[in-house]
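The structure appears right after this line, and notes come after that.
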Amino acid sequence: MTRQSDSNEIDRNSNRGGAARFDRRAFLANAGAAAGALGLGATSVAASETGPETIVPGFACDRRQFTCGRQATAGGGMVSSVDSIASGVAAAVLREGGNAVDAAVALQYVLTVTQPHGSGIGGGGFMVVYDADADAVDVVDSRERAPRGATEDMFLDEDGEPIPFERRIQMGEAVGVPGTVMGLETALARHGSRPRQRLVTPAIELAREGFPIDEVFADQIAENWDKFNEAAKEAYSDENGRPLAAGDTHVNPDLADTLAAIKRGGAAAFYEGPIAADLTATVRGAGGSMTIADLADYDVTIDDPVRAEWRDVEIVGQPLPSSGPSTVAYILKLLEFLDVGRYDIRSPEKYHLLGEATSLAWADRNEYMGDPEFVDAPIAGLLDDGYLRDRAAKISVDDTLADYEAGECVDPGVPPGAEPARAPTPDKEHGSTAHFSVVDADGNAVSYTSTIEQFMGSGMMVPGRGFMLNNELTDFSAVPDGPNSVEPWKRPLSSMSPIIVVRDGVPEFTVGSPGGWTIITSVAQTLLHRYVYGLDPLEALSEPTVFTTDCPPIMWEDGVPARAREATAGAGQVWEDESSGDFGNVQVIEIGDDELVGAADPTRDGLAVGVDRGGVGECGRTD
Ligand code: GLU
């Protein structure tokens, strides 16, 4: 990635001076992303004359340099994220000549302010980066770690039974040592070209000056009110103590101060000193063991991505401690061996094969996968073509792998190099998170999934500091004795699946999603729908998906036809009675020879923003 000199002009642009408040409604209208304004397949939405320029300096959807929409096409850069303000901020960074990592860093700091329910500096994540100069992919792995004082039985009650999940998610023991700030700082040092000061500033100004919250944010305040500590209740209520509603202005001066400290002092301002002291006091006050030394010792790892050949491309993504990309590849390879593409996209056979492939993958995921610093997982064996052909051969189009009606589950296999671990069955719920992608004019690409685990994490805000704490350690198995049991300084197994699909060594498609376990199936099916069924990017991520584990029933999104569900029931397949609504929030960018297509999942207020070439270079493939 070409490092560029610092630019004073950029700093001037970021300084808004006056306290012009952002009207999210006007912005969304400009962007064509107001509720109901966009149907599926909309592209390049026209914008009006007013709006976001006052809040996102250098950016407006109605400027000719930018193209906005649920799906957008452009030649000089692309951002796709769950948040329209964050997408605008990142697009402005690209337009100024910042690279994809610069834009991603600015975007994540903004999400800490505008979408604190989904990710933030109190959490962790995985940033997959393609560096065009180096022609290499690496991963900045900022997964949270268990404190050194964590114990393998910390989620068991006095009878040795797992503490119910609803209680676990609020325990101080559930808070992992956060990784996001170290991840952003490390990514910037390795790949960035702009000063941190420029990239943190938009988030500080949003936190200080306020912005109207959207419906998802308001819903999450309402739904999580009972789990909030006092600091969170105060931050997310109005002057009368009422929870903020959609359209209300949210200001968070404490968070502005925290971000300003990071702007001045970098990661040290977060991991050492008064912010670190307040963070650990909050966790310990709720029963956790985290110490100042745990924070001071935290560091990211730089991981080599997992790579799997699939059709005529390569799936490249975060390796363990995320099970995500490996399991996505496992499912897609099984489906390829089963030639799923011969069946119609909404046929009973397609859903049946998807369910069976997912169940086989899930059994192996649970059996073998864990933090690679602690567990020797046989990933090469699990993705071995010979092993997967044997697994695929177990699947029949008119029968199920086990008697699901009788409550049976699918068994794990024994891949080359493996020793079965007899993992306990996890008892996890779906949480939420944020995924976004950025591609710049030089072909650098970022696929970044970032989380505080459940919506609003543990419900604990660090008093006086304005940010939410994760409850990521609930991703461990509560019951010890498997590859994903709790150990001091270990990272819990994730399902997050930030992926870059590579063709002939060059990025072609970025994808990822929130949604806990369902991330894996949302991402796998988006790739299936794009590559096997040929849908365009927005259609591919919008096509209804299904989810299951090694123990069905199959959960399903609205749009999976009743006749398909009924037909597979004849083969022994068991479905949930009711639809689950929507899974995840997929964000993608497709990198063509001379244009980029971004798509943002309509399940939330996301926005794809394209940047024109503007003399800053050509996009995409360099071959
Ligand atoms: N904690 C989850 C994981 O790492 C992500 C949270 C979510 O998206 O629900 O897999």
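A note on labels: chains of the structure tokens are A, B, ... as shown, every chain counts residues from 1, and ligands are counted from 1 in their shown order.
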Would you kindly return, as a count of residues only, each protein, DNA or RNA residue with an atom no farther than 9 Å from any atom of A:Ser87, considering only C-alpha atoms and excluding same-chain residues fewer than 6 positions away?
10
So that I can see what lies close to A:Met460, please list as number ranges by chain the residues with an atom at most 6 Å from it, counting only C-alpha atoms and leaving out residues fewer than 2 positions away in the same chain.
A: 228-229, 458, 468-469
Residues near A:Asp550, anyone? I mean within 10 Å using only C-alpha atoms, not counting same-chain ones fewer than 4 positions away, as a ChimeraX atom specification.
/A:355-366,401-402,404,408-412,425
For the residues in the current selection, export all heavy atoms as a compact mmCIF listing (two decimals), in the first residue's frame.
# COMPACT_ATOMS: atom_id res chain seq x y z
N GLY A 355 -28.95 -27.28 4.25
CA GLY A 355 -29.12 -27.67 5.65
C GLY A 355 -28.18 -28.81 6.01
O GLY A 355 -27.50 -28.77 7.05
N GLU A 356 -28.10 -29.81 5.16
CA GLU A 356 -27.26 -30.97 5.47
C GLU A 356 -25.77 -30.60 5.47
O GLU A 356 -25.01 -31.03 6.35
CB GLU A 356 -27.52 -32.09 4.45
CG GLU A 356 -28.94 -32.63 4.46
CD GLU A 356 -29.29 -33.37 5.74
OE1 GLU A 356 -29.60 -32.71 6.74
OE2 GLU A 356 -29.22 -34.61 5.73
N ALA A 357 -25.36 -29.80 4.48
CA ALA A 357 -23.95 -29.37 4.43
C ALA A 357 -23.60 -28.56 5.67
O ALA A 357 -22.52 -28.71 6.27
CB ALA A 357 -23.69 -28.57 3.16
N THR A 358 -24.53 -27.69 6.09
CA THR A 358 -24.27 -26.86 7.26
C THR A 358 -24.17 -27.73 8.51
O THR A 358 -23.31 -27.51 9.37
CB THR A 358 -25.37 -25.80 7.42
OG1 THR A 358 -25.44 -25.02 6.22
CG2 THR A 358 -25.08 -24.88 8.60
N SER A 359 -25.02 -28.74 8.62
CA SER A 359 -24.98 -29.60 9.80
C SER A 359 -23.66 -30.36 9.90
O SER A 359 -23.08 -30.48 10.99
CB SER A 359 -26.15 -30.59 9.78
OG SER A 359 -27.37 -29.90 9.95
N LEU A 360 -23.18 -30.88 8.77
CA LEU A 360 -21.89 -31.57 8.80
C LEU A 360 -20.77 -30.61 9.21
O LEU A 360 -19.90 -30.94 10.02
CB LEU A 360 -21.57 -32.15 7.41
CG LEU A 360 -22.33 -33.41 7.00
CD1 LEU A 360 -22.00 -33.78 5.55
CD2 LEU A 360 -21.99 -34.59 7.92
N ALA A 361 -20.83 -29.42 8.63
CA ALA A 361 -19.79 -28.42 8.94
C ALA A 361 -19.84 -28.05 10.41
O ALA A 361 -18.81 -27.91 11.08
CB ALA A 361 -19.99 -27.18 8.06
N TRP A 362 -21.06 -27.91 10.92
CA TRP A 362 -21.22 -27.47 12.30
C TRP A 362 -20.70 -28.51 13.29
O TRP A 362 -20.07 -28.17 14.30
CB TRP A 362 -22.68 -27.14 12.59
CG TRP A 362 -22.74 -25.94 13.45
CD1 TRP A 362 -22.82 -25.91 14.81
CD2 TRP A 362 -22.62 -24.59 13.01
NE1 TRP A 362 -22.76 -24.61 15.24
CE2 TRP A 362 -22.64 -23.79 14.17
CE3 TRP A 362 -22.48 -24.00 11.76
CZ2 TRP A 362 -22.54 -22.40 14.11
CZ3 TRP A 362 -22.39 -22.62 11.70
CH2 TRP A 362 -22.41 -21.85 12.86
N ALA A 363 -20.95 -29.77 12.99
CA ALA A 363 -20.46 -30.83 13.87
C ALA A 363 -18.93 -30.77 13.95
O ALA A 363 -18.35 -30.89 15.04
CB ALA A 363 -20.93 -32.18 13.35
N ASP A 364 -18.28 -30.56 12.82
CA ASP A 364 -16.81 -30.50 12.83
C ASP A 364 -16.30 -29.21 13.45
O ASP A 364 -15.29 -29.20 14.17
CB ASP A 364 -16.28 -30.63 11.39
CG ASP A 364 -16.29 -32.09 10.91
OD1 ASP A 364 -16.59 -32.98 11.72
OD2 ASP A 364 -16.00 -32.32 9.72
N ARG A 365 -17.00 -28.13 13.20
CA ARG A 365 -16.60 -26.85 13.81
C ARG A 365 -16.56 -26.99 15.33
O ARG A 365 -15.58 -26.66 15.99
CB ARG A 365 -17.61 -25.76 13.40
CG ARG A 365 -17.46 -24.45 14.13
CD ARG A 365 -18.75 -23.63 14.02
NE ARG A 365 -18.60 -22.29 14.59
CZ ARG A 365 -18.82 -21.99 15.86
NH1 ARG A 365 -19.17 -22.94 16.72
NH2 ARG A 365 -18.68 -20.75 16.30
N ASN A 366 -17.64 -27.50 15.90
CA ASN A 366 -17.72 -27.59 17.36
C ASN A 366 -16.72 -28.59 17.92
O ASN A 366 -16.21 -28.43 19.02
CB ASN A 366 -19.12 -28.00 17.79
CG ASN A 366 -20.14 -26.90 17.54
OD1 ASN A 366 -19.76 -25.78 17.21
ND2 ASN A 366 -21.41 -27.22 17.70
N LEU A 401 -29.32 -36.82 7.40
CA LEU A 401 -28.13 -37.45 7.97
C LEU A 401 -28.41 -38.11 9.31
O LEU A 401 -27.68 -38.99 9.74
CB LEU A 401 -27.04 -36.37 8.18
CG LEU A 401 -26.39 -35.85 6.91
CD1 LEU A 401 -25.82 -34.46 7.14
CD2 LEU A 401 -25.29 -36.81 6.46
N ALA A 402 -29.42 -37.63 10.00
CA ALA A 402 -29.79 -38.20 11.30
C ALA A 402 -31.30 -38.07 11.43
O ALA A 402 -31.95 -37.39 10.62
CB ALA A 402 -29.08 -37.45 12.42
N TYR A 404 -33.77 -36.29 12.72
CA TYR A 404 -33.98 -34.99 13.38
C TYR A 404 -35.30 -34.97 14.14
O TYR A 404 -35.40 -34.32 15.17
CB TYR A 404 -33.95 -33.85 12.37
CG TYR A 404 -32.68 -33.77 11.54
CD1 TYR A 404 -32.73 -33.40 10.19
CD2 TYR A 404 -31.44 -34.05 12.09
CE1 TYR A 404 -31.58 -33.32 9.42
CE2 TYR A 404 -30.27 -33.97 11.33
CZ TYR A 404 -30.35 -33.61 10.00
OH TYR A 404 -29.22 -33.54 9.25
N GLU A 408 -32.14 -36.27 17.04
CA GLU A 408 -30.73 -36.62 16.83
C GLU A 408 -29.96 -35.48 16.18
O GLU A 408 -30.52 -34.67 15.45
CB GLU A 408 -30.65 -37.85 15.90
CG GLU A 408 -31.00 -39.15 16.58
CD GLU A 408 -30.89 -40.35 15.63
OE1 GLU A 408 -30.28 -40.23 14.54
OE2 GLU A 408 -31.46 -41.39 15.98
N CYS A 409 -28.66 -35.47 16.43
CA CYS A 409 -27.77 -34.48 15.82
C CYS A 409 -26.82 -35.19 14.87
O CYS A 409 -26.68 -36.41 14.91
CB CYS A 409 -26.96 -33.76 16.90
SG CYS A 409 -27.98 -32.86 18.09
N VAL A 410 -26.13 -34.40 14.05
CA VAL A 410 -25.17 -34.94 13.09
C VAL A 410 -23.82 -35.13 13.80
O VAL A 410 -23.42 -34.29 14.61
CB VAL A 410 -25.04 -33.97 11.90
CG1 VAL A 410 -23.89 -34.37 10.98
CG2 VAL A 410 -26.35 -33.93 11.13
N ASP A 411 -23.13 -36.22 13.50
CA ASP A 411 -21.85 -36.51 14.15
C ASP A 411 -20.69 -35.83 13.42
O ASP A 411 -20.71 -35.72 12.19
CB ASP A 411 -21.58 -38.02 14.16
CG ASP A 411 -22.52 -38.73 15.12
OD1 ASP A 411 -22.91 -38.11 16.12
OD2 ASP A 411 -22.86 -39.90 14.84
N PRO A 412 -19.66 -35.46 14.19
CA PRO A 412 -18.45 -34.98 13.52
C PRO A 412 -17.73 -36.11 12.80
O PRO A 412 -17.94 -37.29 13.11
CB PRO A 412 -17.60 -34.44 14.68
CG PRO A 412 -18.13 -35.11 15.90
CD PRO A 412 -19.56 -35.43 15.64
N THR A 425 -21.85 -29.53 23.45
CA THR A 425 -22.66 -28.72 22.53
C THR A 425 -22.84 -27.33 23.11
O THR A 425 -23.30 -27.19 24.24
CB THR A 425 -24.04 -29.36 22.34
OG1 THR A 425 -23.83 -30.69 21.86
CG2 THR A 425 -24.86 -28.58 21.33
Test item: residues no farther than 10 Å from ligand 1, counting only C-alpha atoms and all ligand atoms, as a ChimeraX atom specification:
/A:118-119,123-126,143-144,321-324,428-435,449-455,457,470-476,491-497,513-520,584-585
Include C-alpha atoms and write out the residues we just selected as a short mmCIF file (atom, residue, chain, number, x, y, z; two decimals), in the first residue's frame.
data_model
loop_
_atom_site.label_atom_id
_atom_site.label_comp_id
_atom_site.auth_asym_id
_atom_site.auth_seq_id
_atom_site.Cartn_x
_atom_site.Cartn_y
_atom_site.Cartn_z
CA GLY A 118 -23.01 -3.21 17.22
CA SER A 119 -19.31 -2.52 17.73
CA GLY A 123 -14.87 -4.73 21.72
CA GLY A 124 -12.74 -6.54 19.16
CA GLY A 125 -12.70 -7.72 15.57
CA PHE A 126 -10.89 -9.00 12.52
CA ARG A 143 -10.06 -10.51 19.12
CA GLU A 144 -10.72 -10.00 22.84
CA PRO A 321 -9.81 -18.03 16.42
CA SER A 322 -12.62 -17.40 13.97
CA SER A 323 -14.30 -20.52 12.69
CA GLY A 324 -16.08 -18.34 10.13
CA LYS A 428 -25.36 -19.83 22.32
CA GLU A 429 -27.82 -17.20 21.14
CA HIS A 430 -27.26 -14.89 18.19
CA GLY A 431 -25.74 -11.55 19.05
CA SER A 432 -24.85 -8.75 16.77
CA THR A 433 -21.98 -6.91 15.30
CA ALA A 434 -21.01 -4.73 12.31
CA HIS A 435 -19.32 -5.64 9.05
CA THR A 449 -16.03 -7.43 11.04
CA SER A 450 -16.10 -5.71 14.40
CA THR A 451 -18.09 -6.63 17.48
CA ILE A 452 -19.02 -6.17 21.12
CA GLU A 453 -20.82 -9.58 20.86
CA GLN A 454 -24.50 -9.12 21.87
CA PHE A 455 -26.34 -5.95 20.83
CA GLY A 457 -22.55 -5.93 24.63
CA ASN A 470 -18.24 -6.33 25.21
CA ASN A 471 -19.48 -9.67 26.52
CA GLU A 472 -17.39 -11.62 24.02
CA LEU A 473 -16.35 -14.32 26.48
CA THR A 474 -19.84 -15.79 26.25
CA ASP A 475 -18.52 -17.14 22.92
CA PHE A 476 -16.60 -19.71 24.99
CA ARG A 491 -9.57 -15.98 22.69
CA PRO A 492 -13.11 -17.36 22.34
CA LEU A 493 -14.10 -19.07 19.10
CA SER A 494 -15.80 -16.66 16.71
CA SER A 495 -18.11 -17.07 13.75
CA MET A 496 -17.22 -13.74 12.19
CA SER A 497 -16.39 -14.24 8.54
CA SER A 513 -21.94 -9.92 8.17
CA PRO A 514 -23.00 -9.70 11.81
CA GLY A 515 -25.34 -12.30 13.31
CA GLY A 516 -23.45 -14.65 15.64
CA TRP A 517 -23.56 -18.20 14.35
CA THR A 518 -25.77 -17.15 11.43
CA ILE A 519 -22.89 -15.07 10.06
CA ILE A 520 -21.43 -18.24 8.57
CA GLY A 584 -27.40 -10.64 9.64
CA ASN A 585 -26.54 -7.53 7.68
#
Which residue out of A:Gly241, A:Pro416, A:Pro212, A:Gly512 has the minimum interatomic distance to A:Met127 when only C-alpha atoms are used?
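Among A:Gly241, A:Pro416, A:Pro212, A:Gly512, it is A:Gly512 that comes nearest to A:Met127.
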Would you pick out the contacts of A:Ala599 at 7 Å or less, using only C-alpha atoms, so that residues sharing its chain but fewer than 3 positions from it are not included, and give the list as a PDB file with N, CA and C atoms, in the first residue's frame?
ATOM      1  N   ARG A  70     -28.286   1.602  -1.931  1.00  0.00           N
ATOM      2  CA  ARG A  70     -28.147   0.263  -1.385  1.00  0.00           C
ATOM      3  C   ARG A  70     -27.154  -0.508  -2.239  1.00  0.00           C
ATOM      4  N   GLN A  71     -27.160  -0.201  -3.540  1.00  0.00           N
ATOM      5  CA  GLN A  71     -26.114  -0.714  -4.425  1.00  0.00           C
ATOM      6  C   GLN A  71     -25.599   0.471  -5.219  1.00  0.00           C
ATOM      7  N   ALA A  72     -24.310   0.612  -5.281  1.00  0.00           N
ATOM      8  CA  ALA A  72     -23.721   1.754  -5.980  1.00  0.00           C
ATOM      9  C   ALA A  72     -22.543   1.277  -6.822  1.00  0.00           C
ATOM     10  N   SER A  80     -18.877   0.199   1.843  1.00  0.00           N
ATOM     11  CA  SER A  80     -20.192  -0.355   2.120  1.00  0.00           C
ATOM     12  C   SER A  80     -20.254  -0.634   3.610  1.00  0.00           C
ATOM     13  N   PRO A 537     -24.784  -8.304  -6.867  1.00  0.00           N
ATOM     14  CA  PRO A 537     -24.399  -8.268  -5.450  1.00  0.00           C
ATOM     15  C   PRO A 537     -25.567  -7.987  -4.497  1.00  0.00           C
ATOM     16  N   LEU A 538     -26.419  -7.016  -4.815  1.00  0.00           N
ATOM     17  CA  LEU A 538     -27.516  -6.704  -3.890  1.00  0.00           C
ATOM     18  C   LEU A 538     -28.536  -7.840  -3.841  1.00  0.00           C
ATOM     19  N   GLN A 587     -22.570  -6.936   3.961  1.00  0.00           N
ATOM     20  CA  GLN A 587     -22.013  -5.825   3.182  1.00  0.00           C
ATOM     21  C   GLN A 587     -21.017  -6.411   2.187  1.00  0.00           C
ATOM     22  N   VAL A 588     -21.116  -6.000   0.930  1.00  0.00           N
ATOM     23  CA  VAL A 588     -20.190  -6.556  -0.062  1.00  0.00           C
ATOM     24  C   VAL A 588     -19.652  -5.448  -0.977  1.00  0.00           C
ATOM     25  N   ILE A 589     -18.507  -5.737  -1.553  1.00  0.00           N
ATOM     26  CA  ILE A 589     -17.996  -4.930  -2.673  1.00  0.00           C
ATOM     27  C   ILE A 589     -17.470  -5.897  -3.723  1.00  0.00           C
ATOM     28  N   ALA A 608     -24.070   2.023   0.569  1.00  0.00           N
ATOM     29  CA  ALA A 608     -22.858   1.897  -0.236  1.00  0.00           C
ATOM     30  C   ALA A 608     -22.570   3.258  -0.849  1.00  0.00           C
TER      31      ALA A 608
END
I need the residue nearest A:Phe270 from this list: A:Ala231, A:Ala100, A:Ala393, A:Ile121. Use only C-alpha atoms for the distance.
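Checking each candidate against A:Phe270, we get A:Ile121 as the closest.
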Of the listed residues A:Phe66, A:Tyr531, A:Phe374, A:Phe547, that which approaches A:Ser580 most closely, counting only C-alpha atoms:
A:Phe547
Which neighbours of stretch 480-489 of chain A fall inside 10 Å, counting only C-alpha atoms, when residues of the same chain fewer than 5 positions from it are skipped, and could you give them as a ChimeraX atom specification?
/A:144-156,162,176-177,294,298,321,365-377,420-426,473-475,494
Would you mind listing what lies within 9 Å of A:Tyr271 as a list in words, with only C-alpha atoms counted and same-chain residues fewer than 4 positions away left out?
Val181, Met182, Ala267, Ile275, Ala276, Ala277, Ile292, Asp294, Leu295, Ala296, Asp297 and Tyr298 of chain A
Pick out the closest residue to A:Pro243 from this set: A:Gly88, A:Asp219, A:Val462, A:Gly98. Count only C-alpha atoms.
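When distances to A:Pro243 are compared using only C-alpha atoms, the smallest one comes from A:Asp219.
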Please, which residues of stretch 367-453 of chain A, numbered as in this document, come out helix (DSSP H, G or I) from DSSP, as a list in words?
Glu367, Tyr368, Ile379, Ala380, Gly381, Leu382, Asp385, Gly386, Tyr387, Leu388, Arg389, Asp390, Arg391, Ala392, Ala393, Tyr404, Glu405 and Ala406 of chain A
Check the smallest atom-to-atom distance from each of A:Phe211, A:Gly97, A:Ile169, A:Arg346 to A:Arg563 using only C-alpha atoms, then report the winner.
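Looking at the shortest contact to A:Arg563, the residue is A:Arg346.
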Using DSSP secondary structure from the backbone, list all strand (DSSP E or B) positions within stretch 348-493 of chain A, as a list in words.
Thr433, Ala434, His435, Phe436, Ser437, Val438, Val439, Asp440, Ala445, Val446, Ser447, Tyr448, Thr449, Ser450, Thr451, Met461, Met468, Ser477 and Ser485 of chain A
Output for the residues just chosen: C-alpha atoms as a JSON list (two decimals), in the first residue's frame:
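File written: out_4.json
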[["chain", "number", "residue", "atom", "x", "y", "z"],
["A", 433, "THR", "CA", -21.98, -6.91, 15.30],
["A", 434, "ALA", "CA", -21.01, -4.73, 12.31],
["A", 435, "HIS", "CA", -19.32, -5.64, 9.05],
["A", 436, "PHE", "CA", -17.99, -3.18, 6.49],
["A", 437, "SER", "CA", -15.81, -3.18, 3.42],
["A", 438, "VAL", "CA", -13.66, -0.56, 1.74],
["A", 439, "VAL", "CA", -11.79, -0.69, -1.59],
["A", 440, "ASP", "CA", -9.64, 2.19, -2.79],
["A", 445, "ALA", "CA", -9.19, -3.82, 0.01],
["A", 446, "VAL", "CA", -10.45, -4.14, 3.59],
["A", 447, "SER", "CA", -13.04, -6.62, 4.85],
["A", 448, "TYR", "CA", -13.60, -5.91, 8.55],
["A", 449, "THR", "CA", -16.03, -7.43, 11.04],
["A", 450, "SER", "CA", -16.10, -5.71, 14.40],
["A", 451, "THR", "CA", -18.09, -6.63, 17.48],
["A", 461, "MET", "CA", -20.81, 1.52, 29.87],
["A", 468, "MET", "CA", -19.89, 0.03, 25.99],
["A", 477, "SER", "CA", -18.36, -22.97, 25.86],
["A", 485, "SER", "CA", -13.41, -23.96, 26.86]]
Taking into account only C-alpha atoms, which residue in the set A:Ile331, A:Gly459, A:Glu314, A:Pro253 is nearest to A:Ala222?
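Smallest distance to A:Ala222 is found for A:Gly459.
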Selection near A:Arg196, 9 Å with only C-alpha atoms, sequence-local residues under 4 positions removed, as a compact mmCIF listing (two decimals) with N, CA, C and O atoms, in the first residue's frame:
# COMPACT_ATOMS: atom_id res chain seq x y z
N ASP A 102 -7.03 3.65 5.85
CA ASP A 102 -7.36 4.95 6.46
C ASP A 102 -8.87 5.09 6.59
O ASP A 102 -9.39 5.49 7.64
N VAL A 105 -10.38 2.83 9.26
CA VAL A 105 -10.12 3.29 10.63
C VAL A 105 -11.08 4.42 10.99
O VAL A 105 -11.71 4.40 12.06
N ALA A 106 -11.23 5.38 10.10
CA ALA A 106 -12.18 6.48 10.37
C ALA A 106 -13.59 5.93 10.54
O ALA A 106 -14.35 6.36 11.42
N GLU A 185 -5.00 0.97 15.56
CA GLU A 185 -3.69 1.61 15.57
C GLU A 185 -2.66 0.76 14.82
O GLU A 185 -1.81 1.28 14.09
N LEU A 188 -3.27 0.91 11.06
CA LEU A 188 -2.83 2.20 10.52
C LEU A 188 -1.31 2.24 10.38
O LEU A 188 -0.77 2.72 9.37
N VAL A 200 -9.61 10.14 13.50
CA VAL A 200 -10.46 10.05 14.70
C VAL A 200 -11.38 11.26 14.80
O VAL A 200 -12.46 11.20 15.40
N THR A 201 -10.99 12.37 14.17
CA THR A 201 -11.71 13.63 14.35
C THR A 201 -13.21 13.56 14.01
O THR A 201 -14.03 14.06 14.78
N ILE A 262 -7.52 9.31 22.76
CA ILE A 262 -6.90 8.37 21.81
C ILE A 262 -6.27 9.14 20.65
O ILE A 262 -5.18 8.81 20.18
N LYS A 263 -6.95 10.18 20.22
CA LYS A 263 -6.41 11.01 19.12
C LYS A 263 -5.03 11.56 19.52
O LYS A 263 -4.09 11.55 18.72
N ARG A 264 -4.92 12.00 20.76
CA ARG A 264 -3.65 12.58 21.21
C ARG A 264 -2.62 11.49 21.51
O ARG A 264 -1.46 11.60 21.14
N GLY A 266 -2.90 7.88 21.14
CA GLY A 266 -2.92 6.57 20.50
C GLY A 266 -3.39 5.47 21.44
O GLY A 266 -4.09 5.73 22.43
